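Engineer: Sharing coords30.cif (mmCIF, C-alpha atoms) below.
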```cif
data_work
loop_
_atom_site.label_atom_id
_atom_site.label_comp_id
_atom_site.auth_asym_id
_atom_site.auth_seq_id
_atom_site.Cartn_x
_atom_site.Cartn_y
_atom_site.Cartn_z
CA MET A 1 1.34 45.56 -8.37
CA ASP A 2 -0.42 46.15 -5.04
CA HIS A 3 0.03 43.86 -2.01
CA ARG A 4 -3.38 42.17 -2.34
CA THR A 5 -2.76 41.23 -5.98
CA ARG A 6 0.72 39.89 -5.16
CA ALA A 7 -0.74 37.82 -2.32
CA ARG A 8 -3.40 36.30 -4.60
CA ILE A 9 -0.80 35.39 -7.24
CA SER A 10 1.38 33.87 -4.56
CA ARG A 11 -1.47 31.70 -3.31
CA ILE A 12 -2.17 30.47 -6.82
CA ALA A 13 1.48 29.68 -7.55
CA ALA A 14 2.48 28.35 -4.13
CA HIS A 15 2.14 24.73 -5.20
CA LEU A 16 5.14 25.27 -7.47
CA VAL A 17 7.20 27.39 -5.10
CA HIS A 18 8.88 26.17 -1.96
CA PRO A 19 12.01 26.94 0.03
CA GLY A 20 15.10 26.20 -2.00
CA ASN A 21 13.46 26.54 -5.42
CA SER A 22 15.77 29.28 -6.66
CA GLN A 23 14.19 29.56 -10.10
CA ASN A 24 11.24 31.41 -8.58
CA GLU A 25 13.12 33.61 -6.10
CA GLY A 26 12.59 37.29 -6.74
CA VAL A 27 9.61 36.67 -9.00
CA LEU A 28 6.92 36.09 -6.41
CA GLU A 29 6.96 36.59 -2.70
CA ARG A 30 6.04 33.14 -1.36
CA ILE A 31 3.48 33.09 1.43
CA ASP A 32 2.36 30.08 3.37
CA CYS A 33 -0.44 28.87 1.16
CA ARG A 34 -3.54 27.00 2.22
CA SER A 35 -6.77 26.83 0.25
CA LYS A 36 -9.41 29.22 1.54
CA GLY A 37 -11.81 27.30 3.69
CA GLY A 38 -9.71 24.13 3.36
CA ALA A 39 -10.66 21.48 5.87
CA SER A 40 -8.19 20.52 8.56
CA GLY A 41 -6.54 17.19 7.99
CA PHE A 42 -3.22 15.39 7.76
CA LYS A 43 0.00 16.22 5.97
CA VAL A 44 1.05 13.49 3.55
CA ALA A 45 4.20 13.09 1.45
CA VAL A 46 4.56 10.80 -1.57
CA LEU A 47 8.22 10.02 -2.29
CA GLY A 48 8.55 8.85 -5.88
CA ALA A 49 5.57 10.88 -7.03
CA SER A 50 6.57 11.05 -10.71
CA GLY A 51 6.72 7.30 -11.28
CA GLY A 52 4.23 4.79 -12.58
CA ILE A 53 2.79 4.16 -9.12
CA GLY A 54 3.51 7.61 -7.75
CA GLN A 55 1.42 9.59 -10.23
CA PRO A 56 -1.91 7.75 -9.83
CA LEU A 57 -1.25 7.38 -6.09
CA SER A 58 -0.69 11.12 -5.78
CA MET A 59 -3.94 11.76 -7.63
CA LEU A 60 -5.84 9.42 -5.33
CA MET A 61 -4.35 11.04 -2.23
CA LYS A 62 -5.36 14.47 -3.56
CA MET A 63 -8.92 13.11 -3.63
CA ASN A 64 -8.78 11.97 0.00
CA PRO A 65 -10.75 14.35 2.25
CA LEU A 66 -8.51 13.51 5.22
CA VAL A 67 -5.49 15.07 3.47
CA SER A 68 -4.95 18.81 3.95
CA VAL A 69 -1.40 19.14 2.60
CA LEU A 70 0.13 16.85 -0.03
CA HIS A 71 3.86 17.02 -0.74
CA LEU A 72 5.08 15.33 -3.92
CA TYR A 73 8.77 14.47 -4.19
CA ASP A 74 10.90 12.83 -6.86
CA VAL A 75 14.28 13.28 -8.47
CA VAL A 76 12.74 14.44 -11.77
CA ASN A 77 9.50 15.78 -13.26
CA THR A 78 7.75 16.52 -9.97
CA LEU A 79 6.70 20.06 -10.80
CA GLY A 80 4.71 18.93 -13.83
CA VAL A 81 2.90 16.25 -11.84
CA THR A 82 2.29 18.79 -9.07
CA ALA A 83 0.85 21.39 -11.43
CA ASP A 84 -1.41 18.80 -13.03
CA ILE A 85 -2.77 17.37 -9.79
CA SER A 86 -3.09 20.78 -8.13
CA HIS A 87 -5.85 21.69 -10.60
CA MET A 88 -8.17 19.11 -9.08
CA ASP A 89 -10.92 20.83 -7.11
CA THR A 90 -10.34 19.06 -3.79
CA THR A 91 -9.21 20.67 -0.55
CA ALA A 92 -5.66 19.35 -0.23
CA VAL A 93 -2.92 21.87 -1.01
CA VAL A 94 -0.25 20.32 -3.25
CA ARG A 95 3.43 21.28 -3.35
CA GLY A 96 6.18 19.78 -5.48
CA PHE A 97 9.82 19.09 -4.59
CA VAL A 98 12.57 18.00 -6.97
CA GLY A 99 15.98 16.48 -6.30
CA LYS A 100 17.92 15.36 -3.25
CA GLU A 101 18.55 18.91 -2.10
CA GLN A 102 14.80 19.41 -1.59
CA LEU A 103 14.05 16.10 0.12
CA GLU A 104 14.17 17.54 3.62
CA ALA A 105 11.83 20.39 2.72
CA ALA A 106 9.36 17.84 1.38
CA LEU A 107 9.37 15.90 4.65
CA VAL A 108 9.25 18.49 7.42
CA GLY A 109 6.06 18.16 9.47
CA MET A 110 4.56 15.19 7.62
CA ASP A 111 2.09 12.87 9.39
CA LEU A 112 2.22 10.10 6.77
CA VAL A 113 5.03 9.32 4.32
CA ILE A 114 4.32 6.94 1.43
CA ILE A 115 7.32 5.57 -0.48
CA PRO A 116 6.68 4.06 -3.94
CA ALA A 117 10.09 5.24 -5.25
CA GLY A 118 12.31 2.89 -7.21
CA ILE A 119 12.56 1.10 -10.53
CA PRO A 120 9.65 -1.10 -11.66
CA ARG A 121 9.74 -4.80 -12.45
CA LYS A 122 10.38 -5.77 -16.06
CA PRO A 123 9.76 -9.09 -17.82
CA GLY A 124 11.98 -11.81 -16.37
CA MET A 125 12.84 -9.79 -13.27
CA THR A 126 12.18 -11.00 -9.76
CA ARG A 127 11.81 -8.68 -6.80
CA ASP A 128 15.32 -9.67 -5.78
CA ASP A 129 16.60 -8.28 -9.08
CA LEU A 130 15.33 -4.90 -7.94
CA PHE A 131 17.23 -5.04 -4.68
CA ASN A 132 20.55 -3.41 -5.53
CA ILE A 133 18.96 -0.23 -6.90
CA ASN A 134 15.84 0.09 -4.77
CA ALA A 135 17.63 -0.70 -1.52
CA GLY A 136 19.80 2.40 -1.90
CA ILE A 137 16.82 4.57 -2.82
CA VAL A 138 14.81 3.48 0.21
CA ARG A 139 17.80 3.94 2.49
CA THR A 140 18.35 7.53 1.35
CA LEU A 141 14.67 8.45 1.66
CA CYS A 142 14.36 6.92 5.13
CA GLU A 143 17.42 8.85 6.28
CA GLY A 144 15.46 11.98 5.33
CA VAL A 145 12.39 10.75 7.20
CA ALA A 146 14.48 10.01 10.30
CA LYS A 147 15.84 13.56 10.28
CA CYS A 148 12.77 15.58 9.32
CA CYS A 149 9.64 13.71 10.47
CA PRO A 150 10.69 10.85 12.77
CA ASN A 151 7.20 10.50 14.22
CA ALA A 152 5.46 10.04 10.86
CA ILE A 153 3.73 6.84 9.84
CA VAL A 154 5.83 5.34 7.01
CA ASN A 155 4.27 3.17 4.30
CA ILE A 156 6.88 1.27 2.26
CA ILE A 157 5.78 0.24 -1.25
CA SER A 158 9.19 0.02 -2.95
CA ASN A 159 10.04 -3.56 -3.86
CA PRO A 160 11.28 -5.94 -2.67
CA VAL A 161 9.13 -5.09 0.39
CA ASN A 162 10.42 -8.20 2.18
CA SER A 163 13.84 -6.47 2.21
CA THR A 164 13.07 -2.74 2.05
CA VAL A 165 11.04 -2.71 5.28
CA PRO A 166 13.96 -4.23 7.24
CA ILE A 167 16.23 -1.68 5.54
CA ALA A 168 14.01 1.15 6.74
CA ALA A 169 13.97 -0.31 10.26
CA GLU A 170 17.79 -0.43 10.36
CA VAL A 171 18.07 3.16 9.12
CA PHE A 172 15.69 4.36 11.83
CA LYS A 173 17.56 2.34 14.48
CA ARG A 174 20.84 3.96 13.47
CA ALA A 175 19.22 7.38 13.78
CA GLY A 176 17.76 6.49 17.18
CA VAL A 177 14.15 7.05 16.06
CA TYR A 178 12.91 3.54 15.31
CA ASN A 179 9.31 2.91 16.31
CA PRO A 180 8.07 -0.43 14.95
CA LYS A 181 4.48 0.73 15.38
CA ARG A 182 4.98 3.39 12.72
CA LEU A 183 6.68 1.39 9.96
CA LEU A 184 4.46 -0.66 7.64
CA GLY A 185 5.18 -2.53 4.44
CA VAL A 186 2.27 -2.19 2.05
CA THR A 187 0.99 -5.64 1.06
CA ALA A 188 -2.49 -4.34 0.32
CA LEU A 189 -2.29 -5.29 -3.36
CA ASP A 190 -2.11 -8.97 -2.37
CA VAL A 191 -5.35 -8.51 -0.42
CA VAL A 192 -6.98 -6.57 -3.26
CA ARG A 193 -6.07 -9.35 -5.70
CA ALA A 194 -7.25 -12.04 -3.30
CA ASN A 195 -10.60 -10.32 -2.84
CA THR A 196 -11.01 -9.84 -6.59
CA PHE A 197 -10.07 -13.38 -7.59
CA VAL A 198 -12.12 -15.00 -4.81
CA ALA A 199 -15.12 -12.85 -5.77
CA GLU A 200 -14.83 -14.21 -9.33
CA VAL A 201 -14.85 -17.78 -8.08
CA VAL A 202 -17.60 -17.34 -5.50
CA GLY A 203 -19.69 -15.04 -7.68
CA VAL A 204 -20.05 -11.99 -5.45
CA ASP A 205 -19.06 -8.35 -5.51
CA PRO A 206 -15.34 -7.94 -4.54
CA LYS A 207 -16.34 -5.21 -2.11
CA GLU A 208 -18.18 -7.88 -0.12
CA VAL A 209 -15.09 -10.08 0.28
CA ASP A 210 -12.30 -10.05 2.87
CA VAL A 211 -9.43 -12.51 2.47
CA PRO A 212 -6.47 -12.09 4.83
CA VAL A 213 -3.09 -12.47 3.13
CA VAL A 214 -0.10 -13.14 5.37
CA GLY A 215 3.63 -13.86 5.13
CA GLY A 216 5.48 -11.53 2.79
CA HIS A 217 5.08 -9.73 -0.53
CA ALA A 218 6.80 -11.90 -3.15
CA GLY A 219 6.03 -15.26 -4.74
CA ILE A 220 5.55 -18.11 -2.30
CA THR A 221 5.92 -15.79 0.68
CA ILE A 222 2.43 -14.51 -0.19
CA LEU A 223 -0.01 -16.77 1.65
CA PRO A 224 -3.75 -16.09 1.23
CA LEU A 225 -5.74 -17.60 4.08
CA LEU A 226 -8.67 -18.83 2.01
CA SER A 227 -9.96 -20.86 4.94
CA GLN A 228 -10.61 -17.54 6.71
CA TYR A 229 -12.45 -15.99 3.76
CA GLU A 230 -15.33 -13.81 4.89
CA SER A 231 -18.16 -12.24 2.94
CA PHE A 232 -20.96 -9.92 3.90
CA PRO A 233 -24.73 -10.28 3.58
CA HIS A 234 -25.36 -7.90 0.71
CA LEU A 235 -25.12 -10.32 -2.19
CA VAL A 236 -25.58 -14.04 -2.68
CA PRO A 237 -23.37 -16.01 -5.08
CA ASP A 238 -24.19 -15.79 -8.78
CA PHE A 239 -23.74 -19.38 -9.91
CA ARG A 240 -24.04 -18.46 -13.59
CA LEU A 241 -20.83 -16.43 -13.17
CA LEU A 242 -19.12 -19.38 -11.55
CA GLN A 243 -19.80 -21.56 -14.57
CA SER A 244 -18.35 -18.92 -16.91
CA ILE A 245 -14.84 -19.03 -15.42
CA PRO A 246 -12.51 -21.29 -17.45
CA CYS A 247 -11.00 -24.25 -15.56
CA LEU A 248 -13.35 -23.61 -12.64
CA ARG A 249 -16.53 -25.53 -13.32
CA MET A 250 -17.99 -25.21 -9.87
CA ARG A 251 -19.56 -28.29 -8.35
CA ARG A 252 -22.31 -26.28 -6.71
CA SER A 253 -25.74 -26.25 -8.30
CA GLU A 254 -28.14 -23.36 -8.54
CA SER A 255 -30.46 -25.21 -6.24
CA ALA A 256 -27.88 -24.69 -3.51
CA LEU A 257 -28.85 -21.02 -3.46
CA SER A 258 -31.91 -21.86 -1.43
CA SER A 259 -29.72 -23.07 1.43
CA PHE A 260 -27.75 -19.81 1.71
CA GLN A 261 -28.74 -17.46 4.50
CA ALA A 262 -27.32 -14.04 5.40
CA SER A 263 -25.72 -15.54 8.49
CA ASP A 264 -23.89 -18.04 6.30
CA LEU A 265 -22.21 -15.20 4.44
CA VAL A 266 -21.11 -13.34 7.58
CA ASN A 267 -19.40 -16.51 8.85
CA PRO A 268 -19.63 -18.51 5.66
CA SER A 269 -20.05 -22.22 5.43
CA PHE A 270 -18.68 -21.86 1.88
CA SER A 271 -15.57 -23.99 1.35
CA PHE A 272 -13.23 -24.18 -1.63
CA THR A 273 -12.25 -27.37 -3.40
CA GLU A 274 -8.59 -28.36 -3.52
CA GLU A 275 -8.54 -27.31 -7.18
CA GLU A 276 -9.92 -23.88 -6.32
CA VAL A 277 -7.47 -23.38 -3.46
CA GLU A 278 -4.54 -24.26 -5.70
CA TYR A 279 -5.78 -22.03 -8.53
CA LEU A 280 -6.49 -19.03 -6.28
CA THR A 281 -3.28 -19.30 -4.27
CA ASN A 282 -1.10 -19.53 -7.37
CA ARG A 283 -2.85 -16.65 -9.09
CA ILE A 284 -2.61 -14.41 -6.03
CA GLN A 285 1.07 -15.23 -5.58
CA ASN A 286 1.82 -14.56 -9.24
CA GLY A 287 -0.47 -11.59 -9.79
CA GLY A 288 2.43 -9.21 -10.33
CA THR A 289 4.00 -11.47 -12.94
CA GLU A 290 0.62 -11.74 -14.68
CA VAL A 291 0.57 -7.96 -15.15
CA VAL A 292 4.25 -7.66 -16.13
CA GLU A 293 3.82 -10.28 -18.83
CA ALA A 294 0.55 -8.77 -20.06
CA LYS A 295 2.22 -5.36 -20.42
CA ALA A 296 4.97 -7.03 -22.47
CA GLY A 297 7.85 -4.91 -21.30
CA THR A 298 5.99 -1.61 -20.98
CA GLY A 299 5.49 -1.66 -17.22
CA SER A 300 4.41 -3.47 -14.09
CA ALA A 301 1.39 -3.38 -11.78
CA THR A 302 1.25 0.37 -11.31
CA LEU A 303 -2.45 1.26 -11.38
CA SER A 304 -3.69 -1.55 -9.17
CA MET A 305 -0.77 -0.92 -6.80
CA ALA A 306 -1.65 2.76 -6.57
CA PHE A 307 -5.28 1.84 -5.87
CA ALA A 308 -4.28 -0.61 -3.13
CA ALA A 309 -1.74 1.79 -1.62
CA ALA A 310 -4.29 4.60 -1.52
CA LYS A 311 -6.76 2.32 0.27
CA PHE A 312 -4.10 1.38 2.80
CA ALA A 313 -3.00 4.99 3.31
CA ASP A 314 -6.63 5.95 3.88
CA ALA A 315 -6.86 3.27 6.57
CA CYS A 316 -3.74 4.70 8.25
CA LEU A 317 -5.26 8.19 8.20
CA HIS A 318 -8.51 6.91 9.71
CA GLY A 319 -6.43 5.26 12.41
CA LEU A 320 -4.55 8.50 13.05
CA ARG A 321 -7.90 10.26 13.34
CA GLY A 322 -8.88 7.82 16.08
CA ASP A 323 -11.46 5.76 14.23
CA ALA A 324 -12.17 2.42 15.86
CA GLY A 325 -11.86 -1.01 14.25
CA VAL A 326 -9.42 -0.16 11.44
CA VAL A 327 -7.87 -3.54 10.64
CA ARG A 328 -5.68 -4.25 7.61
CA CYS A 329 -2.93 -6.66 6.58
CA ALA A 330 0.61 -5.25 6.49
CA PHE A 331 4.24 -6.39 6.63
CA VAL A 332 5.47 -5.29 10.04
CA ALA A 333 7.82 -6.08 12.92
CA SER A 334 6.15 -9.11 14.40
CA GLU A 335 6.17 -11.88 16.98
CA VAL A 336 3.43 -13.84 15.23
CA THR A 337 6.09 -16.30 14.01
CA GLU A 338 9.80 -16.70 14.75
CA LEU A 339 10.54 -14.29 11.87
CA PRO A 340 11.32 -10.67 12.82
CA PHE A 341 8.98 -9.27 10.15
CA PHE A 342 5.77 -10.82 8.92
CA ALA A 343 2.57 -9.73 7.19
CA SER A 344 -0.63 -10.30 9.11
CA LYS A 345 -3.69 -8.41 10.25
CA VAL A 346 -2.96 -5.32 12.35
CA ARG A 347 -5.22 -2.80 14.05
CA LEU A 348 -4.37 0.79 13.20
CA GLY A 349 -4.81 3.78 15.49
CA ARG A 350 -3.30 7.06 16.61
CA ALA A 351 -0.06 5.32 17.58
CA GLY A 352 0.18 3.58 14.21
CA ILE A 353 0.02 -0.17 14.81
CA GLU A 354 -1.92 -0.70 18.01
CA GLU A 355 -2.25 -4.47 17.82
CA VAL A 356 -0.79 -7.27 15.72
CA TYR A 357 -3.22 -10.17 15.44
CA PRO A 358 -2.27 -13.86 15.52
CA LEU A 359 -2.82 -15.95 12.42
CA GLY A 360 -5.80 -17.86 13.75
CA PRO A 361 -6.74 -21.40 12.66
CA LEU A 362 -5.09 -22.56 9.42
CA SER A 363 -5.97 -25.34 7.01
CA ALA A 364 -3.47 -28.12 6.34
CA TYR A 365 -2.66 -26.47 2.97
CA GLU A 366 -2.01 -23.13 4.69
CA ARG A 367 0.14 -24.70 7.42
CA SER A 368 2.26 -26.30 4.73
CA GLY A 369 2.50 -23.01 2.83
CA LEU A 370 3.53 -21.22 6.01
CA GLU A 371 6.44 -23.56 6.58
CA LYS A 372 7.52 -23.34 2.93
CA LEU A 373 7.64 -19.55 2.90
CA LYS A 374 9.72 -19.06 6.04
CA LYS A 375 13.14 -19.82 4.59
CA GLU A 376 12.73 -17.53 1.59
CA LEU A 377 11.21 -14.74 3.66
CA LEU A 378 13.96 -14.91 6.28
CA GLY A 379 16.59 -14.75 3.53
CA SER A 380 15.03 -11.57 2.14
CA ILE A 381 14.79 -10.00 5.60
CA ASP A 382 18.42 -10.82 6.39
CA LYS A 383 19.51 -9.44 3.03
CA GLY A 384 17.91 -6.09 3.81
CA ILE A 385 19.35 -5.91 7.32
CA SER A 386 22.83 -6.88 6.14
CA SER A 387 22.85 -4.21 3.43
CA VAL A 388 22.63 -1.49 6.10
CA ARG A 389 24.88 -3.09 8.73
CA GLN A 390 27.80 -3.64 6.33
#
```
Produce structure tokens that represent the structure in this file.
Structural biologist:
Amino acid sequence: MDHRTRARISRIAAHLVHPGNSQNEGVLERIDCRSKGGASGFKVAVLGASGGIGQPLSMLMKMNPLVSVLHLYDVVNTLGVTADISHMDTTAVVRGFVGKEQLEAALVGMDLVIIPAGIPRKPGMTRDDLFNINAGIVRTLCEGVAKCCPNAIVNIISNPVNSTVPIAAEVFKRAGVYNPKRLLGVTALDVVRANTFVAEVVGVDPKEVDVPVVGGHAGITILPLLSQYESFPHLVPDFRLLQSIPCLRMRRSESALSSFQASDLVNPSFSFTEEEVEYLTNRIQNGGTEVVEAKAGTGSATLSMAFAAAKFADACLHGLRGDAGVVRCAFVASEVTELPFFASKVRLGRAGIEEVYPLGPLSAYERSGLEKLKKELLGSIDKGISSVRQ
């Protein structure tokens, strides 16, 4: 076999071959592989790539044009997922890594690390029930990040996020590499749900809706700020849709359409009834349970979580690229309240988090919800911190 043929075979197979993968040594000479003509971009690692969230998330990241190299890591089955995703005709080069001994190789040089690893929720489980197992997983993975790519942006998906983000922070502090601007808990699914459910009630396209969700990422710690709901002047409410939603017989008449102007939708005069606020808040807070129960023991919210996580990762990459005005909600180190970590709107940039925004004006319902969530959220934060400091 001549050198040119061997080089071509190596390029084709490189997504399955990496340093430390002894099963391929001596079969092919591995060369540093990059797709011909592949666009420059960022190096992204997904840790937990074989799981229910990890597989669709990995696929979505392979589709992202800002990703040039995609490393997929898990303790089992990664090579199959890698082979499958690598066949997609997008520019990102995909490589798979399996087992603890290959964790460091998966992380070297990464710009963004996304961590969905851990066990999923099952019927009857709370996020706290996941703590004992997932806390150890996140700790081990973050120790690898601290050693191999301490300057990477880290997106924590593994539940309970209210505890795993503080765990990650403590691991990075111990390693002397903690940068609060580069550690973000992914609460994007709460925002995605809020936008979807509000769009159903208001009767607009979800893409036209922006509802900030603050606090934490479990139960009552999830606080949608419905009083700050914004929409955009592409669509007007479809009042026939409003009437079709059970238990939400809207009090607005079709004649009210005539009073809506584009400017109203940019800074809307639309207000929710107390019944609507209660319904929407409860559904957003319990969205994960809704999916777990609907799947009847076969899984949790994996597909919608992957979708939300991919959207959030894309925002982080746009920030790293230097795009202006990239604002998302995330669970981060914060001085917005007296709690050390809190989810609120943040502006993303090349440094990671470039600004953490205050909460802004709250309704009486939201002020009450804020006070109610603090005790539970602080308990989860302290639990994560204590698990590392012991």
Engineer: Give the answer as one residue: which of A:Cys316, A:Ala83, A:Ala194, A:Leu130 has the shortest atom-to-atom distance to A:Val154, using only C-alpha atoms?
Structural biologist: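 Distance minimum relative to A:Val154 lands on A:Cys316.
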Engineer: Point out the residue among A:Met61, A:Val191, A:Val93, A:Met305 with the least atom-to-atom distance to A:Gly215, counting all atoms listed in the file.
Structural biologist: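 Closest to A:Gly215, using all atoms listed in the file: A:Val191.
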Engineer: So which residues get picked by the PyMOL selection byres ((chain A and resi 163) around 6) here, written as a list of chain:residue names?
Structural biologist: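 After applying the PyMOL selection byres ((chain A and resi 163) around 6), what remains is A:Pro160, A:Val161, A:Asn162, A:Thr164, A:Val165, A:Pro166, A:Ser380, A:Ile381, A:Gly384.
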Engineer: A:Pro206, A:Gly379, A:Gly48, A:Pro180: which is nearest A:Asn134, counting all atoms listed in the file?
Structural biologist: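 Ranking A:Pro206, A:Gly379, A:Gly48, A:Pro180 by distance to A:Asn134, first place goes to A:Gly48.
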Engineer: Determine, counting all atoms listed in the file, which protein, DNA and RNA residues have an atom within 12 Å of an atom of A:Gly352; residues of the same chain fewer than 5 positions away are not included. Present the result as an MDAnalysis selection string.
Structural biologist: chainID A and resid 111:112 151:155 179:184 313 315:323 326:328 330 332 346:347
Engineer: So that I have them on file, write out the residues from the current selection with C-alpha atoms, as a compact mmCIF listing (two decimals), in the frame of the given file.
Structural biologist:
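selection-v5.txt was written with the following content:
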```
# COMPACT_ATOMS: atom_id res chain seq x y z
CA ASP A 111 2.09 12.87 9.39
CA LEU A 112 2.22 10.10 6.77
CA ASN A 151 7.20 10.50 14.22
CA ALA A 152 5.46 10.04 10.86
CA ILE A 153 3.73 6.84 9.84
CA VAL A 154 5.83 5.34 7.01
CA ASN A 155 4.27 3.17 4.30
CA ASN A 179 9.31 2.91 16.31
CA PRO A 180 8.07 -0.43 14.95
CA LYS A 181 4.48 0.73 15.38
CA ARG A 182 4.98 3.39 12.72
CA LEU A 183 6.68 1.39 9.96
CA LEU A 184 4.46 -0.66 7.64
CA ALA A 313 -3.00 4.99 3.31
CA ALA A 315 -6.86 3.27 6.57
CA CYS A 316 -3.74 4.70 8.25
CA LEU A 317 -5.26 8.19 8.20
CA HIS A 318 -8.51 6.91 9.71
CA GLY A 319 -6.43 5.26 12.41
CA LEU A 320 -4.55 8.50 13.05
CA ARG A 321 -7.90 10.26 13.34
CA GLY A 322 -8.88 7.82 16.08
CA ASP A 323 -11.46 5.76 14.23
CA VAL A 326 -9.42 -0.16 11.44
CA VAL A 327 -7.87 -3.54 10.64
CA ARG A 328 -5.68 -4.25 7.61
CA ALA A 330 0.61 -5.25 6.49
CA VAL A 332 5.47 -5.29 10.04
CA VAL A 346 -2.96 -5.32 12.35
CA ARG A 347 -5.22 -2.80 14.05
```
Engineer: Which distance in Å separates atom CA of A:Leu57 and atom CA of A:Phe42, to one decimal?
Structural biologist: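 Here the two named atoms are 16.1 Å from each other.
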Engineer: Determine the residue set returned by the PyMOL selection byres ((chain A and resi 115-119) around 7) for the present structure, and present it as a list of chain:residue names.
Structural biologist: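 Checked against the file, the PyMOL selection byres ((chain A and resi 115-119) around 7) matches A:Val46, A:Leu47, A:Gly48, A:Ile53, A:Gly54, A:Val113, A:Ile114, A:Pro120, A:Arg121, A:Asn134, A:Ile137, A:Asn155, A:Ile156, A:Ile157, A:Ser158.
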Engineer: Between A:Val186, A:Leu103, A:Ala301, A:Leu280, which is the closest to A:Ala199 once you count only C-alpha atoms?
Structural biologist: A:Leu280
Engineer: Measure the distance from atom CA of A:Gln55 to atom CA of A:Ala306 in Å and round it to one decimal.
Structural biologist: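 Distance reported for this atom pair: 8.3 Å.
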Engineer: So which residues get picked by the PyMOL selection byres ((chain A and resi 176) around 12) here, written as number ranges by chain?
Structural biologist: A: 143, 146-147, 150-151, 169-175, 177-179
Engineer: Do you have the atom CA of A:Asn132-atom CA of A:Val75 distance handy?
Structural biologist: 18.1 Å
Engineer: Compile the contact shell of A:Thr90 as a list in words: residues with an atom at most 9 Å away, counting all atoms listed in the file, same-chain residues fewer than 5 positions apart removed.
Structural biologist: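 With the cut-off at 9 Å, the set is Gly38, Lys62, Met63, Asn64 and Pro65 of chain A.
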Engineer: Store the residues picked out above in a file with C-alpha atoms, as a JSON list (two decimals), in the frame of the given file.
Structural biologist:
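What ended up in selection-v1.json:
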```
[["chain", "number", "residue", "atom", "x", "y", "z"],
["A", 38, "GLY", "CA", -9.71, 24.13, 3.36],
["A", 62, "LYS", "CA", -5.36, 14.47, -3.56],
["A", 63, "MET", "CA", -8.92, 13.11, -3.63],
["A", 64, "ASN", "CA", -8.78, 11.97, 0.00],
["A", 65, "PRO", "CA", -10.75, 14.35, 2.25]]
```
Engineer: Just give me the residues with any atom within 8 Å of (2.3, -17.4, -6.7), file coordinates, counting only C-alpha atoms, written as a ChimeraX atom specification.
Structural biologist: /A:218-220,222,281-287
